[in-house]
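Next up, input.cif (mmCIF, C-alpha atoms):
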data_model
#
loop_
_atom_site.group_PDB
_atom_site.id
_atom_site.type_symbol
_atom_site.label_atom_id
_atom_site.label_comp_id
_atom_site.auth_asym_id
_atom_site.auth_seq_id
_atom_site.Cartn_x
_atom_site.Cartn_y
_atom_site.Cartn_z
ATOM 1 C CA MET A 23 32.227 154.741 19.633
ATOM 2 C CA GLY A 24 31.768 155.555 23.311
ATOM 3 C CA ARG A 25 31.563 151.863 24.185
ATOM 4 C CA ALA A 26 34.740 151.162 22.246
ATOM 5 C CA ARG A 27 36.601 153.810 24.218
ATOM 6 C CA GLN A 28 35.336 152.476 27.491
ATOM 7 C CA GLY A 29 36.484 148.944 26.715
ATOM 8 C CA ARG A 30 39.786 149.475 24.934
ATOM 9 C CA GLY A 31 40.388 153.172 24.856
ATOM 10 C CA LEU A 32 41.930 154.750 21.795
ATOM 11 C CA ARG A 33 43.248 151.374 20.618
ATOM 12 C CA ALA A 34 39.705 150.543 19.525
ATOM 13 C CA LEU A 35 39.865 153.380 17.004
ATOM 14 C CA LYS A 36 43.206 152.370 15.513
ATOM 15 C CA PRO A 37 42.739 151.527 11.820
ATOM 16 C CA LYS A 38 43.268 147.870 10.969
ATOM 17 C CA ARG A 39 44.908 146.475 7.873
ATOM 18 C CA ARG A 40 42.363 145.736 5.198
ATOM 19 C CA GLY A 41 42.396 143.357 2.276
ATOM 20 C CA ARG A 42 43.418 139.741 1.936
ATOM 21 C CA ARG A 43 46.284 138.145 3.745
ATOM 22 C CA ALA A 44 49.539 137.388 1.965
ATOM 23 C CA GLY A 45 49.019 134.451 -0.373
ATOM 24 C CA GLU A 46 45.258 134.910 -0.524
ATOM 25 C CA GLY A 47 43.499 136.260 -3.567
ATOM 26 C CA ARG A 48 41.446 135.530 -6.599
ATOM 27 C CA LEU A 49 42.240 134.101 -9.991
ATOM 28 C CA ASP A 50 42.496 136.403 -12.948
ATOM 29 C CA ALA A 51 40.660 135.574 -16.157
ATOM 30 C CA THR A 52 43.576 133.658 -17.698
ATOM 31 C CA GLN A 53 44.188 131.595 -14.576
ATOM 32 C CA ALA A 54 40.500 130.837 -14.144
ATOM 33 C CA ALA A 55 40.219 129.672 -17.759
ATOM 34 C CA ARG A 56 43.182 127.321 -17.332
ATOM 35 C CA ILE A 57 41.875 125.831 -14.073
ATOM 36 C CA ARG A 58 38.476 125.278 -15.669
ATOM 37 C CA ALA A 59 40.111 123.548 -18.648
ATOM 38 C CA LEU A 60 42.127 121.271 -16.338
ATOM 39 C CA ILE A 61 39.029 120.258 -14.393
ATOM 40 C CA GLY A 62 37.047 119.635 -17.567
ATOM 41 C CA GLY A 63 39.769 117.648 -19.295
ATOM 42 C CA LYS A 64 41.469 115.634 -16.547
ATOM 43 C CA MET A 65 40.673 113.818 -13.324
ATOM 44 C CA PRO A 66 42.637 114.700 -10.157
ATOM 45 C CA ASP A 67 44.768 111.552 -10.185
ATOM 46 C CA GLN A 68 45.867 112.358 -13.742
ATOM 47 C CA LEU A 69 47.184 115.677 -12.424
ATOM 48 C CA LYS A 70 49.048 113.967 -9.543
ATOM 49 C CA LEU A 71 46.588 115.208 -6.933
ATOM 50 C CA PRO A 72 45.616 112.968 -3.976
ATOM 51 C CA PHE A 73 41.961 112.848 -4.996
ATOM 52 C CA TYR A 74 39.905 110.460 -7.110
ATOM 53 C CA LEU A 75 37.076 112.879 -7.996
ATOM 54 C CA TRP A 76 36.813 116.622 -8.348
ATOM 55 C CA THR A 77 35.650 118.091 -5.061
ATOM 56 C CA ARG A 78 35.956 121.649 -3.819
ATOM 57 C CA ALA A 79 38.937 120.581 -1.700
ATOM 58 C CA ALA A 80 40.605 119.084 -4.782
ATOM 59 C CA VAL A 81 40.112 122.337 -6.700
ATOM 60 C CA VAL A 82 41.569 124.304 -3.771
ATOM 61 C CA ASP A 83 44.691 122.127 -3.905
ATOM 62 C CA LEU A 84 44.929 122.514 -7.676
ATOM 63 C CA ILE A 85 44.732 126.319 -7.521
ATOM 64 C CA THR A 86 47.274 126.454 -4.705
ATOM 65 C CA ARG A 87 49.693 124.204 -6.553
ATOM 66 C CA GLU A 88 49.396 125.910 -9.917
ATOM 67 C CA TYR A 89 49.369 129.558 -8.849
ATOM 68 C CA GLY A 90 50.253 129.725 -5.166
ATOM 69 C CA VAL A 91 46.891 131.343 -4.443
ATOM 70 C CA THR A 92 44.877 130.257 -1.408
ATOM 71 C CA VAL A 93 41.107 130.317 -1.822
ATOM 72 C CA SER A 94 38.351 129.113 0.487
ATOM 73 C CA LEU A 95 35.931 126.282 -0.220
ATOM 74 C CA THR A 96 33.161 128.870 -0.517
ATOM 75 C CA THR A 97 35.086 130.810 -3.159
ATOM 76 C CA VAL A 98 35.805 127.617 -5.088
ATOM 77 C CA GLY A 99 32.100 126.788 -4.963
ATOM 78 C CA ARG A 100 31.331 130.168 -6.546
ATOM 79 C CA TYR A 101 33.963 129.561 -9.219
ATOM 80 C CA LEU A 102 32.530 126.157 -10.093
ATOM 81 C CA LYS A 103 29.026 127.535 -10.326
ATOM 82 C CA ALA A 104 30.183 130.409 -12.529
ATOM 83 C CA TRP A 105 32.010 127.918 -14.762
ATOM 84 C CA GLY A 106 28.796 125.963 -15.270
ATOM 85 C CA MET A 107 29.900 122.958 -13.230
ATOM 86 C CA SER A 108 27.837 120.916 -10.764
ATOM 87 C CA PRO A 109 28.413 117.710 -8.740
ATOM 88 C CA GLN A 110 27.434 114.697 -10.846
ATOM 89 C CA GLN A 111 27.668 110.918 -10.723
ATOM 90 C CA PRO A 112 30.744 110.089 -12.848
ATOM 91 C CA VAL A 113 30.748 107.572 -15.685
ATOM 92 C CA ARG A 114 33.590 105.054 -15.624
ATOM 93 C CA ARG A 115 35.580 105.112 -18.864
ATOM 94 C CA ALA A 116 38.775 103.267 -19.755
ATOM 95 C CA TYR A 117 41.998 105.137 -20.476
ATOM 96 C CA GLU A 118 42.378 102.928 -23.572
ATOM 97 C CA ARG A 119 39.187 104.334 -25.113
ATOM 98 C CA ASN A 120 39.841 105.618 -28.660
ATOM 99 C CA ASP A 121 37.396 108.456 -29.311
ATOM 100 C CA ALA A 122 38.634 108.963 -32.894
ATOM 101 C CA ALA A 123 37.958 105.319 -33.766
ATOM 102 C CA ILE A 124 34.525 105.491 -32.135
ATOM 103 C CA GLY A 125 33.699 108.620 -34.133
ATOM 104 C CA ALA A 126 34.714 106.912 -37.368
ATOM 105 C CA LEU A 127 32.608 103.866 -36.475
ATOM 106 C CA VAL A 128 29.497 105.960 -35.827
ATOM 107 C CA ALA A 129 29.915 108.261 -38.830
ATOM 108 C CA GLU A 130 31.205 105.847 -41.487
ATOM 109 C CA ASP A 131 31.447 102.161 -40.614
ATOM 110 C CA TYR A 132 28.094 101.601 -38.926
ATOM 111 C CA PRO A 133 25.930 103.330 -41.600
ATOM 112 C CA ALA A 134 27.531 101.122 -44.276
ATOM 113 C CA LEU A 135 27.038 98.032 -42.103
ATOM 114 C CA ALA A 136 23.398 98.955 -41.463
ATOM 115 C CA ARG A 137 22.723 99.307 -45.202
ATOM 116 C CA ALA A 138 24.345 95.935 -45.900
ATOM 117 C CA ALA A 139 22.305 94.284 -43.129
ATOM 118 C CA LYS A 140 19.100 95.775 -44.535
ATOM 119 C CA ARG A 141 19.839 94.431 -48.003
ATOM 120 C CA ALA A 142 20.560 90.977 -46.578
ATOM 121 C CA ARG A 143 17.574 91.143 -44.186
ATOM 122 C CA ALA A 144 19.999 90.459 -41.352
ATOM 123 C CA THR A 145 20.042 91.626 -37.742
ATOM 124 C CA ILE A 146 22.981 93.449 -36.170
ATOM 125 C CA TYR A 147 23.999 92.304 -32.699
ATOM 126 C CA TRP A 148 26.282 94.203 -30.336
ATOM 127 C CA GLY A 149 28.373 91.712 -28.377
ATOM 128 C CA ASP A 150 30.178 91.855 -25.048
ATOM 129 C CA GLU A 151 31.837 89.570 -22.520
ATOM 130 C CA MET A 152 31.812 90.013 -18.764
ATOM 131 C CA GLY A 153 32.653 88.199 -15.555
ATOM 132 C CA LEU A 154 30.108 87.431 -12.836
ATOM 133 C CA ARG A 155 30.796 86.947 -9.120
ATOM 134 C CA SER A 156 28.474 85.600 -6.459
ATOM 135 C CA ASP A 157 29.443 88.355 -3.986
ATOM 136 C CA HIS A 158 28.844 91.289 -6.338
ATOM 137 C CA VAL A 159 26.164 93.755 -5.243
ATOM 138 C CA THR A 160 24.983 96.527 -7.556
ATOM 139 C CA GLY A 161 22.368 99.237 -7.368
ATOM 140 C CA SER A 162 20.992 100.904 -4.242
ATOM 141 C CA SER A 163 18.446 100.065 -1.571
ATOM 142 C CA TYR A 164 16.281 102.264 0.641
ATOM 143 C CA ALA A 165 17.009 102.015 4.363
ATOM 144 C CA PRO A 166 16.541 104.166 7.484
ATOM 145 C CA VAL A 167 18.951 107.096 7.622
ATOM 146 C CA GLY A 168 22.156 106.056 9.374
ATOM 147 C CA GLN A 169 21.536 102.338 8.912
ATOM 148 C CA THR A 170 23.439 100.816 6.003
ATOM 149 C CA PRO A 171 21.480 97.957 4.419
ATOM 150 C CA VAL A 172 23.127 94.546 4.700
ATOM 151 C CA VAL A 173 22.933 91.929 1.945
ATOM 152 C CA ARG A 174 23.240 88.376 3.272
ATOM 153 C CA ALA A 175 25.172 86.027 0.989
ATOM 154 C CA THR A 176 27.241 82.890 1.189
ATOM 155 C CA GLY A 177 30.890 83.263 2.097
ATOM 156 C CA GLN A 178 31.800 80.650 -0.515
ATOM 157 C CA ARG A 179 32.531 82.822 -3.495
ATOM 158 C CA PHE A 180 32.335 81.567 -7.043
ATOM 159 C CA GLY A 181 32.384 83.135 -10.459
ATOM 160 C CA CYS A 182 31.632 82.511 -14.105
ATOM 161 C CA ASN A 183 31.730 84.338 -17.409
ATOM 162 C CA MET A 184 28.996 85.455 -19.762
ATOM 163 C CA ILE A 185 28.880 86.382 -23.419
ATOM 164 C CA SER A 186 25.905 88.430 -24.529
ATOM 165 C CA ALA A 187 24.627 90.253 -27.586
ATOM 166 C CA ILE A 188 21.807 92.751 -28.037
ATOM 167 C CA THR A 189 20.127 94.320 -31.056
ATOM 168 C CA ASN A 190 19.084 97.932 -31.517
ATOM 169 C CA ARG A 191 15.503 96.830 -30.754
ATOM 170 C CA GLY A 192 16.455 95.194 -27.469
ATOM 171 C CA ALA A 193 16.450 91.507 -28.444
ATOM 172 C CA LEU A 194 18.953 89.884 -26.086
ATOM 173 C CA ALA A 195 21.029 86.727 -26.476
ATOM 174 C CA PHE A 196 23.384 85.427 -23.807
ATOM 175 C CA MET A 197 25.260 82.375 -22.618
ATOM 176 C CA VAL A 198 26.972 81.668 -19.273
ATOM 177 C CA PHE A 199 30.122 79.547 -19.371
ATOM 178 C CA GLN A 200 33.187 78.542 -17.365
ATOM 179 C CA GLY A 201 36.762 79.283 -18.345
ATOM 180 C CA LYS A 202 38.081 81.840 -20.802
ATOM 181 C CA PHE A 203 36.375 82.972 -23.963
ATOM 182 C CA ARG A 204 38.308 82.194 -27.148
ATOM 183 C CA ARG A 205 37.595 83.151 -30.739
ATOM 184 C CA ARG A 206 37.328 79.573 -31.900
ATOM 185 C CA CYS A 207 34.309 79.032 -29.656
ATOM 186 C CA SER A 208 32.523 82.219 -30.797
ATOM 187 C CA SER A 209 30.550 80.485 -33.529
ATOM 188 C CA SER A 210 29.303 77.776 -31.184
ATOM 189 C CA SER A 211 28.488 80.455 -28.610
ATOM 190 C CA CYS A 212 26.387 82.368 -31.126
ATOM 191 C CA SER A 213 24.498 79.253 -32.148
ATOM 192 C CA GLY A 214 23.889 78.385 -28.515
ATOM 193 C CA CYS A 215 22.520 81.848 -27.895
ATOM 194 C CA SER A 216 20.071 81.794 -30.827
ATOM 195 C CA GLY A 217 17.287 80.029 -28.898
ATOM 196 C CA ARG A 218 17.585 82.425 -26.021
ATOM 197 C CA SER A 219 17.500 85.349 -28.442
ATOM 198 C CA ARG A 220 14.142 84.294 -29.869
ATOM 199 C CA ALA A 221 12.772 83.766 -26.367
ATOM 200 C CA SER A 222 14.021 87.148 -25.143
ATOM 201 C CA SER A 223 12.599 89.083 -28.071
ATOM 202 C CA THR A 224 9.041 87.797 -27.614
#
Once more with this new file: its structure as structure tokens, please.
Amino acid sequence: MGRARQGRGLRALKPKRRGRRAGEGRLDATQAARIRALIGGKMPDQLKLPFYLWTRAAVVDLITREYGVTVSLTTVGRYLKAWGMSPQQPVRRAYERNDAAIGALVAEDYPALARAAKRARATIYWGDEMGLRSDHVTGSSYAPVGQTPVVRATGQRFGCNMISAITNRGALAFMVFQGKFRRRCSSSSCSGCSGRSRASST
């Protein structure tokens, strides 16, 4: 106290305003529950926020926009931890995905199909079509910290399409082709894949 008086006199003993600044604060239970529900049910771009993934900064903006409350990144981190949330690698999923139809397929349609296939001694294949590009790079590669690995490839890009099918036991059939896939060529595609299927399953 003596040092304070020597440096600033009685001004050093003047009581300062305590508490948070105007606009700062914490969420009440109802607000916190709503913010948690928004984060769990939507991505930032769906809520018209300038973020692609949920980060602490994105949550700060969401809280400020919804309730006019300013919170720090540290406080948001505590909220997220208390809400049972952690940073994770997201899974890409289409907006057109129909969860109700998928649930019906798993619970009703597929069991009936599996029983019919068993009676007929048939094999169920799950089919898909995809495009391939020569300049596509997937996965990750170890490299010294600060040095991004470089993949050398031709600058002459080309692409093709592939139709593939896989069984529950991992037997794979596929065929690479040019042009667009049409239903009328599906039967010929399946017959062309049959040899590859037997080779892949051995």
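Minimum atom-to-atom distances from A:Pro133, A:Gly201, A:Gly99, A:Gly149 to A:Trp76 were compared using all atoms listed in the file, and the lowest value belongs to A:Gly99.
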Which residues are close to stretch 112-117 of chain A, i.e. within 12 Å by all atoms listed in the file, leaving aside same-chain residues fewer than 3 positions away? Reply as a short mmCIF file (atom, residue, chain, number, x, y, z; two decimals) with C-alpha atoms, in the coordinates of the input.
data_model
loop_
_atom_site.label_atom_id
_atom_site.label_comp_id
_atom_site.auth_asym_id
_atom_site.auth_seq_id
_atom_site.Cartn_x
_atom_site.Cartn_y
_atom_site.Cartn_z
CA LYS A 64 41.47 115.63 -16.55
CA MET A 65 40.67 113.82 -13.32
CA GLN A 68 45.87 112.36 -13.74
CA TYR A 74 39.90 110.46 -7.11
CA LEU A 75 37.08 112.88 -8.00
CA TRP A 76 36.81 116.62 -8.35
CA SER A 108 27.84 120.92 -10.76
CA PRO A 109 28.41 117.71 -8.74
CA ASN A 120 39.84 105.62 -28.66
CA ASP A 121 37.40 108.46 -29.31
#
Selection result for the PyMOL selection byres ((chain A and resi 188) around 9) on this file, as a ChimeraX atom specification: /A:146-150,186-187,189-196,219
Take the residues from that selection and write them out as a compact mmCIF listing (two decimals), in the frame of the given file, keeping C-alpha atoms.
# COMPACT_ATOMS: atom_id res chain seq x y z
CA ILE A 146 22.98 93.45 -36.17
CA TYR A 147 24.00 92.30 -32.70
CA TRP A 148 26.28 94.20 -30.34
CA GLY A 149 28.37 91.71 -28.38
CA ASP A 150 30.18 91.86 -25.05
CA SER A 186 25.90 88.43 -24.53
CA ALA A 187 24.63 90.25 -27.59
CA THR A 189 20.13 94.32 -31.06
CA ASN A 190 19.08 97.93 -31.52
CA ARG A 191 15.50 96.83 -30.75
CA GLY A 192 16.45 95.19 -27.47
CA ALA A 193 16.45 91.51 -28.44
CA LEU A 194 18.95 89.88 -26.09
CA ALA A 195 21.03 86.73 -26.48
CA PHE A 196 23.38 85.43 -23.81
CA SER A 219 17.50 85.35 -28.44
Ground truth for the PyMOL selection byres ((chain A and resi 94) around 12), written as a PyMOL selection string: chain A and resi 42+45-48+78-83+85-86+91-93+95-101
Distance in Å - atom CA of A:Met152 versus atom CA of A:Ala122: 24.6 Å
Would you give the centre and edge lengths, in Å to one decimal, of a box along x, y and z around the listed atoms of stretch 186-189 of chain A, with 4 Å added to each side, as AutoDock Vina command-line options?
--center_x 23.0 --center_y 91.4 --center_z -27.8 --size_x 13.8 --size_y 13.9 --size_z 14.5
